[in-house]
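Notes follow the structure.
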Amino acid sequence: MPADVEDLLRVLAPQVLGVLTRRYRDFDAAEDAVQEALLAAAVHWSKEGIPQQPRGWLIQTATRRLIDQRRNERSRMAREDRALLAQPPPADVPDGDDTLIVLFLCCHPSLTPASAIALTLRAVGGLSTAEIARAFLVPETTMAQRISRAKQRIKSSGVPFRLPTPEERAERLRTVLHVLYLIFNEGYVSTAGPDVHRADLSDEAIRLSRMAHRMLPDDPEVAGLLALMLLLDARRPARTGAGGELIPLPEQDRTRWDRALIAEGTAVLGGAIGGGAVGEYQLQASIAAVHDRAARAEDTDWSQILALYGLLDRMTGNPVVTLNRAVAAAMVHGPAAGLTLLSEVEDRLSGQHRLDAVRAHLLEMAGDTDAAAEHYAAAAARTTNLPERHHLSRQVARLRNPVHASAPAPGSSGAGARPRQGGEPP
Amino acid sequence: MTRYLLAVDFQPGVVDTPMSEWKPEEITAHLDYYGVLNRELIANGELVDATVLTGPDLAKIVTSDGRAPVVTDGPFQEFKEWIAGFQIVDVDSEARAIEIAAKVSAVPGPGGVPLQQPIQVRQVMDQAPSDAEEMQGFLDQVTDVRTSGGDHR
């Protein structure tokens with residue numbers, strides 16, 4: 001399908017779904033009908049060109065599908081449909097609002113993150129079930145079932161098709177941002193499969209976040225999340241080597257970073273920070289920006305990063321943030337300071353490979369090679385990410401075969417095993 | 001075409017040194033060898049599935065009498081014969097499956113010495129479902145047979 005057709009379809013998908021859901025009050029059936037209309041459009045428009053009124057074309061086609069669907073179910077429904085069609089359609093709201101309502105609905109707190117992600121990619125992102133299944137490396141039947149369950153759940157929860165009330169808005173928006181963040185992360189550091197990057201998912205998360213930012217330009221956390229994604233994604237070209245292996249931040253070839261994305265991310269972040277309360281995503285984006293600003297790893301302003309992690313740690317109480325803070329503390333005050341911080345979160349993270357990896361990194365900085373190798377080995381045995389396992393195994397090999405160590409700069413070697421730049425999803 | 005499962009476990013072959021003691025370039029050579037082999041299998045249209053499992057450290061053993069499940073955590077003593085990973089290949093003959101298994105077994109270890117790990121070659125049952133979609137079709141068939149078989153009117 002030509003790129004312009006695809007782009008247009010995916011922008012229109014949630015708008016058309018919004019219109020149909022409001023008219024026929026059945027999100028589940030409307031969503032199926034819109035998917036069919038998208039498929040039909042992909043075929044027709046690729047051959048015959050984009051119609052004069054693409055949105056109208058999609059609404060009409062989806063409506064026909066919806067009615068056919070119901071007719072097949074029961075003939076009784078057909079009478080109701082005729083009655084419905086005879087009514088003047090309810091007044092439409094601006095398209096942006098519809099997209100936003102669909103986004104809020106798909107990221108409903110009653111759904112598990114996995115279901116919300118799948119439903120968001122389909123209903124808001126306009127991806128087909130097959131595409132989503134491929135991205136998550138599961139059979140299409142499994143993904144279809146996950147999506148259909150999610151829709152059933154929304155139906156039975158009886159959520160009205162409208163924007164959240166002012167009282168519930170902040171909490172609901174948090175869930176939306178979390179789902180978008182998880183989609184990005186899934187692409188950025190995939191939890192399954194042979195490739196470290198599943199670029200399509202990162203791209204899709206950025207597209208959806210841009211959309212959310214356009215619709216909610218005054219929300220500083222929406223802007224913060226978009227900035228964070230842009231600033232992290234800028235490093236994508238430098239994050240993996242020719243053989244698909246992870247390249248840790250200090251060893252990346254920074255000339256390969258995407259300057260345009262860094263500039264855009266920095267600008268979006270700048271706009272957010274003037275905009276009121278500082279939230280987690282803005283802090284994470286600020287940290288990413290400090291890294292992106294350094295032309296060489298040794299130019300990194302670690303004091304600033306340490307201060308930002310301090311704020312983030314206080315705000316979230318997330319032990320994985322403390323791990324990041326420990327690395328920053330070690331860079332500023334030496335490895336002993338970092339190791340002291342680690343002991344604070346030991347209990348809460350015991351058995352997790354990231355704790356072992358960070359401890360190994362700090363022990364190596366402190367010159368305790370044997371203990372470092374031991375902790376890298378423990379981390380390698382516990383990680384569930386294959387490229388990360390390879391990376392950690394190489395660290396062990398490097399430390400246990402000192403002849404072959406290529407004199408890494410102190411403190412740089414284990415950095416790839418560090419918790420991710422932004423820390424865990426808040 | 002016939003499908004085979006080629007499974008590798010934790011038995012060391014002729015080399016006893018765990019990978020954590022290898023040199024970095026030996027690890028690279030080891031992984032590159034697998035890379036070349038998998039590329040060849042993909043290019044031939046022979047590779048159906050490849051799965052690498054996490055190690056025994058993360059494993060649990062579950063038994064249940066239908067009421068209270070008993071979950072045993074590691075560390076486990078007897079894990080050498082546990083599956084570490086597998087490929088499913090769809091090939092013309094058993095001979096080809098054996099040829100591929102031989103290549104897997106010859107993966108280089110320290111000093112470039114072929115590891116000679118034992119590779120299990122197991123033919124996959126014909127007409128048996130192997131993913132959710134095929135399972136769905138299979139269950140529908142079974143249901144059809146049962147309903148029609150039970151209808152003696």
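Within each chain, counting starts at residue 1; across the structure tokens, chains are named A, B, ... in the order shown, with ligands numbered 1 upward in that order.
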Give me, as a ChimeraX atom specification, the contact residues of chain B against chain A at a cut-off of 12 Å, counting only C-alpha atoms. /B:17-36,38,49-59,74-75,85,110,130-137
